Amino acid sequence: MSAKRAIFVLDASRAKLICALLGAAFLAHAAWYNFMSDDGFIVLRYASNLVHGEGLVFNPGDRVEGFSSWSWVLLIAGGQSLGCDPVVFARVAGVGAGLLTIAVSLLLGFSLTPAGASSGWALWGPLVVAANAPFACWAPAGLETALYGCLLTVTAWAATTERTRALAALSTLCLLTRPEAVLLIVVLAVLRGRVRDDTWRSTLRVWIFPAAALLGQSVCRWLYYGDLLPNTFYAKTGGSWAQWARGFHYLLDYAGDHEGLPLMVVPVVVGLAAADRRLRMVAGLVVATWASIVWEGGDGLPMYRFMVPVVPLAAVLLGAVTARGYQIVMAYLGPAAVAPRVAVMTLLAAVACVHARAPGMDAHYGNYEYQEEVEVPRWARVGLWLRNEARPEDSFASVPIGAVAYYSGLRTYDMVGLTDRHIAHRQMPAMGHGIAGHEKHDGAYIVSQRPTYLLLGNIDVTPRPRDPAVRPFIPHGAWPIADRETDVFDADGFEELYEPRSVRIGPTEYLNFYQLRDEFRRR
């Protein structure tokens, strides 16, 4: 395409400058959200226990795989073993992965730009990644979300540019970063097939490494944890149509808060139907990611965490499909036509703006805001209070466990089963109708374990102490997942075993909880 017809010609120096500018914008975006997820502290506790010789466990002596990313836990453990603060290291690593994703999405955009089209089309992906609010929110959140998005993007780049050795290594890393990557790798292998003059033997060599990694991981998991799948899988699944419907509505909510369903679906349909195998591979990865989200029933955490890894792929695909459409229109209207250029630039600006704005749904932006400003800092203060006041042999049970467990160091009973095998494997009726990841519970089992502290009411902190003579001492119907705790009060021996308490943990903060009576406390 001539310089007159090109929207924007992107040479190497311009590409570096624009990546730097987009990286700076992304850093400012991530700093504005400044989110640290409570679940991130679960990963930090696993890493810390590994570094201190307790093994890859949440509670020493209790082998339960309550995390979803081996590579992320090992990366955090490596940073901690080198003397880095785990919280800072996890957040910096996530942001670093986000910065790398901007550069990699540019490379993927170059690989998908049609012949004869302006190289400027490759900017679509990096711009959306830098602008996307969920991506900026989850990059510093302490979880593997941004890393997985980066790995998916660079894996797609390796596949579309036929870098077979890199593809084998990157596919392996994807499998070690998220368990659902199995589906994506299978889809990619089918759509890629054989390239050029590859024999079936050479094609098999590409996929033998991820297959071997998957087999090795499964064997290690079975030998160490006694399960073939992560404990988080058992804790979050078990429903059927209702769970899948919830996952589908999760996708629809994201579409409604961002570019809309047509701009999400049309590029995928065009990509799958395209003669260009590169487009089919990227579109297939997007569909496979969506399918895994629907199957898992979505996510209970704010700001569309599960959608973050597919943002770069979907954005690059949208840019590549738009570029092909632009070529067709310009060939029909002629090089002097101005309207198509204006329409494309308007569309790009609109997509960037809707990705940059905060989601309108309160279940996402509202929950993020409350967790970032109130809940996670509060739970961290509760953990520090327990570290100072509790005995080393004490324990606690609660629904949010990350920050409290990490800062207290106490044995922890997870009331929704992410780190508890008994609750995770329990069959529950009506799965799929509650909040994803917070549907399984067993109050009688929790009481039977006799944790020293029952931190109920989503860890109840009030400006004034609650009256221990009032029943219920902690209201258990005032928060969204309170039904995960109500069976505690119905458990045999609860009233006999536990007494209500309120303690001051700050100038205007009182922690209200149930404590095991002195005569029943283990010594």
# chains A, B, ... in the order shown; residues from 1 in each chain; ligands from 1
$ select_by_dssp --residues "segment 361-498 of chain A" --states "strand (DSSP E or B)" --output "ChimeraX atom specification"
/A:395-398,411-414,453-454,460-462,498
$ write_last_selection --atoms "C-alpha atoms" --output "short mmCIF file (atom, residue, chain, number, x, y, z; two decimals), in the first residue's frame"
data_model
loop_
_atom_site.label_atom_id
_atom_site.label_comp_id
_atom_site.auth_asym_id
_atom_site.auth_seq_id
_atom_site.Cartn_x
_atom_site.Cartn_y
_atom_site.Cartn_z
CA SER A 395 -6.28 -21.51 64.09
CA PHE A 396 -9.16 -19.69 62.43
CA ALA A 397 -11.92 -20.29 59.90
CA SER A 398 -13.35 -17.75 57.48
CA ARG A 411 -3.56 -22.69 60.51
CA THR A 412 -6.53 -21.78 58.35
CA TYR A 413 -9.84 -23.48 57.57
CA ASP A 414 -11.22 -22.27 54.25
CA TYR A 453 -11.48 -18.27 65.93
CA LEU A 454 -14.55 -18.19 63.71
CA ASP A 460 -16.97 -8.59 60.73
CA VAL A 461 -15.34 -5.24 61.57
CA THR A 462 -17.47 -2.40 62.95
CA TYR A 498 -17.91 -20.88 71.11
#
$ closest_atom_pairs --of "segment 14-36 of chain A" --to "segment 137-154 of chain A" --cutoff "12 Å" --atoms "only C-alpha atoms" --output "CSV"
residue,atom,partner,partner_atom,distance
A:Phe26,CA,A:Ala139,CA,9.8
A:Leu27,CA,A:Ala139,CA,9.7
A:Ala28,CA,A:Cys137,CA,11.0
A:His29,CA,A:Cys137,CA,8.0
A:Ala30,CA,A:Cys137,CA,5.8
A:Ala31,CA,A:Pro140,CA,8.3
A:Trp32,CA,A:Cys137,CA,8.4
A:Tyr33,CA,A:Cys137,CA,5.4
A:Asn34,CA,A:Pro140,CA,6.8
A:Phe35,CA,A:Ala141,CA,5.2
A:Met36,CA,A:Ala141,CA,4.0
$ write_last_selection --atoms "C-alpha atoms" --output "PDB file, in the first residue's frame"
ATOM      1  CA  PHE A  26      -0.334   1.249  31.150  1.00  0.00           C
ATOM      2  CA  LEU A  27       1.843   1.861  34.231  1.00  0.00           C
ATOM      3  CA  ALA A  28      -0.231   4.919  35.108  1.00  0.00           C
ATOM      4  CA  HIS A  29      -3.412   2.928  34.536  1.00  0.00           C
ATOM      5  CA  ALA A  30      -2.259   0.056  36.778  1.00  0.00           C
ATOM      6  CA  ALA A  31      -1.094   2.507  39.461  1.00  0.00           C
ATOM      7  CA  TRP A  32      -4.504   4.189  39.408  1.00  0.00           C
ATOM      8  CA  TYR A  33      -6.246   0.871  40.171  1.00  0.00           C
ATOM      9  CA  ASN A  34      -3.505  -0.247  42.594  1.00  0.00           C
ATOM     10  CA  PHE A  35      -5.353  -3.500  43.307  1.00  0.00           C
ATOM     11  CA  MET A  36      -4.014  -6.347  45.440  1.00  0.00           C
TER      12      MET A  36
END
$ closest_atom_pairs --of "segment 80-147 of chain A" --to "segment 282-291 of chain A" --cutoff "12 Å" --atoms "only C-alpha atoms" --output "tab-separated table"
residue	atom	partner	partner_atom	distance
A:Ser105	CA	A:Val282	CA	11.8
A:Leu108	CA	A:Val282	CA	9.6
A:Gly109	CA	A:Val282	CA	10.9
A:Ser111	CA	A:Val282	CA	11.1
A:Leu112	CA	A:Val282	CA	9.3
$ residues_around --residues "Thr155 of chain A" --least-positions-apart "5" --cutoff "9 Å" --atoms "only C-alpha atoms" --output "PyMOL selection string"
chain A and resi 150+160+166-171+174
$ closest_residue --among "A:Pro134, A:Pro463, A:Pro475, A:Pro468" --to "Pro507 of chain A" --atoms "only C-alpha atoms"
A:Pro463
$ residues_around --residues "segment 232-236 of chain A" --least-positions-apart "5" --cutoff "8 Å" --atoms "only C-alpha atoms" --output "PDB file with C-alpha atoms, in the first residue's frame"
ATOM      1  CA  GLU A  65      -3.400 -27.787  45.937  1.00  0.00           C
ATOM      2  CA  GLY A  66      -5.384 -24.625  46.545  1.00  0.00           C
ATOM      3  CA  PHE A  67      -3.761 -22.648  43.736  1.00  0.00           C
ATOM      4  CA  SER A  68      -4.088 -22.743  39.948  1.00  0.00           C
ATOM      5  CA  GLU A 296     -16.253 -22.905  34.708  1.00  0.00           C
ATOM      6  CA  VAL A 416     -15.590 -22.436  50.803  1.00  0.00           C
ATOM      7  CA  GLY A 417     -13.015 -25.132  50.165  1.00  0.00           C
ATOM      8  CA  LEU A 418     -10.361 -23.592  47.927  1.00  0.00           C
ATOM      9  CA  THR A 419      -7.675 -24.941  50.264  1.00  0.00           C
ATOM     10  CA  ILE A 423     -15.360 -29.082  51.319  1.00  0.00           C
ATOM     11  CA  ALA A 424     -14.014 -28.950  47.759  1.00  0.00           C
ATOM     12  CA  HIS A 425     -15.019 -32.559  47.058  1.00  0.00           C
ATOM     13  CA  ALA A 436     -18.704 -18.608  41.437  1.00  0.00           C
ATOM     14  CA  GLY A 437     -16.127 -20.176  43.733  1.00  0.00           C
ATOM     15  CA  HIS A 438     -18.207 -19.516  46.857  1.00  0.00           C
ATOM     16  CA  GLU A 439     -20.912 -22.153  46.666  1.00  0.00           C
ATOM     17  CA  LYS A 440     -19.565 -25.131  48.596  1.00  0.00           C
TER      18      LYS A 440
END
$ atom_distance --atom1 "atom CA of Ile459 of chain A" --atom2 "atom CA of Asn512 of chain A"
7.7 Å
$ atom_distance --atom1 "atom CA of Ile446 of chain A" --atom2 "atom CA of Val488 of chain A"
7.3 Å
$ residues_around --residues "Ala430 of chain A" --least-positions-apart "6" --cutoff "12 Å" --atoms "only C-alpha atoms" --output "PDB file with C-alpha atoms, in the first residue's frame"
ATOM      1  CA  THR A 237     -17.253 -26.950  39.739  1.00  0.00           C
ATOM      2  CA  GLY A 238     -20.043 -29.446  40.125  1.00  0.00           C
ATOM      3  CA  GLY A 239     -22.948 -27.700  38.473  1.00  0.00           C
ATOM      4  CA  SER A 240     -24.352 -28.218  35.012  1.00  0.00           C
ATOM      5  CA  TRP A 241     -26.662 -26.006  32.944  1.00  0.00           C
ATOM      6  CA  ALA A 242     -26.994 -23.390  35.662  1.00  0.00           C
ATOM      7  CA  GLN A 243     -23.228 -23.074  35.994  1.00  0.00           C
ATOM      8  CA  GLU A 439     -20.912 -22.153  46.666  1.00  0.00           C
ATOM      9  CA  LYS A 440     -19.565 -25.131  48.596  1.00  0.00           C
TER      10      LYS A 440
END
$ closest_residue --among "A:Gly319, A:Pro126, A:Pro359, A:Gly193" --to "Ala255 of chain A" --atoms "only C-alpha atoms"
A:Pro359
$ closest_residue --among "A:Arg464, A:His433, A:Arg221, A:Arg192" --to "Met281 of chain A" --atoms "only C-alpha atoms"
A:Arg192
$ residues_around --residues "Ser502 of chain A" --least-positions-apart "3" --cutoff "7 Å" --atoms "only C-alpha atoms" --output "PyMOL selection string"
chain A and resi 465-466+510-513
$ atom_distance --atom1 "atom CA of Leu223 of chain A" --atom2 "atom CA of Gly78 of chain A"
23.0 Å
$ decode --residues "segment 220-238 of chain A" --atoms "N, CA and C atoms" --output "mmCIF file, in the first residue's frame"
data_model
loop_
_atom_site.group_PDB
_atom_site.id
_atom_site.type_symbol
_atom_site.label_atom_id
_atom_site.label_comp_id
_atom_site.auth_asym_id
_atom_site.auth_seq_id
_atom_site.Cartn_x
_atom_site.Cartn_y
_atom_site.Cartn_z
ATOM 1 N N CYS A 220 3.001 -35.808 39.290
ATOM 2 C CA CYS A 220 3.461 -35.124 40.513
ATOM 3 C C CYS A 220 2.283 -34.733 41.391
ATOM 4 N N ARG A 221 1.212 -34.234 40.778
ATOM 5 C CA ARG A 221 0.033 -33.838 41.547
ATOM 6 C C ARG A 221 -0.575 -35.046 42.262
ATOM 7 N N TRP A 222 -0.669 -36.161 41.561
ATOM 8 C CA TRP A 222 -1.256 -37.359 42.151
ATOM 9 C C TRP A 222 -0.394 -37.885 43.308
ATOM 10 N N LEU A 223 0.915 -37.889 43.098
ATOM 11 C CA LEU A 223 1.810 -38.422 44.129
ATOM 12 C C LEU A 223 1.877 -37.493 45.339
ATOM 13 N N TYR A 224 1.834 -36.186 45.115
ATOM 14 C CA TYR A 224 2.017 -35.233 46.217
ATOM 15 C C TYR A 224 0.697 -34.859 46.884
ATOM 16 N N TYR A 225 -0.340 -34.621 46.051
ATOM 17 C CA TYR A 225 -1.612 -34.150 46.594
ATOM 18 C C TYR A 225 -2.702 -35.217 46.627
ATOM 19 N N GLY A 226 -2.533 -36.274 45.839
ATOM 20 C CA GLY A 226 -3.542 -37.326 45.826
ATOM 21 C C GLY A 226 -4.720 -37.033 44.927
ATOM 22 N N ASP A 227 -4.619 -36.019 44.080
ATOM 23 C CA ASP A 227 -5.685 -35.665 43.147
ATOM 24 C C ASP A 227 -5.099 -35.514 41.750
ATOM 25 N N LEU A 228 -5.944 -35.722 40.745
ATOM 26 C CA LEU A 228 -5.507 -35.537 39.366
ATOM 27 C C LEU A 228 -5.689 -34.098 38.898
ATOM 28 N N LEU A 229 -6.536 -33.348 39.600
ATOM 29 C CA LEU A 229 -6.809 -31.962 39.236
ATOM 30 C C LEU A 229 -6.607 -31.065 40.454
ATOM 31 N N PRO A 230 -6.380 -29.771 40.251
ATOM 32 C CA PRO A 230 -6.200 -28.877 41.401
ATOM 33 C C PRO A 230 -7.430 -28.881 42.299
ATOM 34 N N ASN A 231 -7.221 -28.648 43.583
ATOM 35 C CA ASN A 231 -8.339 -28.595 44.516
ATOM 36 C C ASN A 231 -9.305 -27.467 44.167
ATOM 37 N N THR A 232 -8.791 -26.412 43.554
ATOM 38 C CA THR A 232 -9.656 -25.304 43.150
ATOM 39 C C THR A 232 -10.679 -25.743 42.114
ATOM 40 N N PHE A 233 -10.316 -26.725 41.274
ATOM 41 C CA PHE A 233 -11.264 -27.246 40.286
ATOM 42 C C PHE A 233 -12.457 -27.886 40.984
ATOM 43 N N TYR A 234 -12.181 -28.706 41.986
ATOM 44 C CA TYR A 234 -13.270 -29.379 42.695
ATOM 45 C C TYR A 234 -14.109 -28.370 43.486
ATOM 46 N N ALA A 235 -13.455 -27.333 44.019
ATOM 47 C CA ALA A 235 -14.187 -26.345 44.822
ATOM 48 C C ALA A 235 -15.126 -25.492 43.987
ATOM 49 N N LYS A 236 -14.776 -25.280 42.718
ATOM 50 C CA LYS A 236 -15.540 -24.339 41.899
ATOM 51 C C LYS A 236 -16.508 -24.991 40.926
ATOM 52 N N THR A 237 -16.413 -26.292 40.728
ATOM 53 C CA THR A 237 -17.253 -26.950 39.739
ATOM 54 C C THR A 237 -18.165 -27.963 40.399
ATOM 55 N N GLY A 238 -19.083 -28.478 39.609
ATOM 56 C CA GLY A 238 -20.043 -29.446 40.125
ATOM 57 C C GLY A 238 -21.450 -29.170 39.658
#
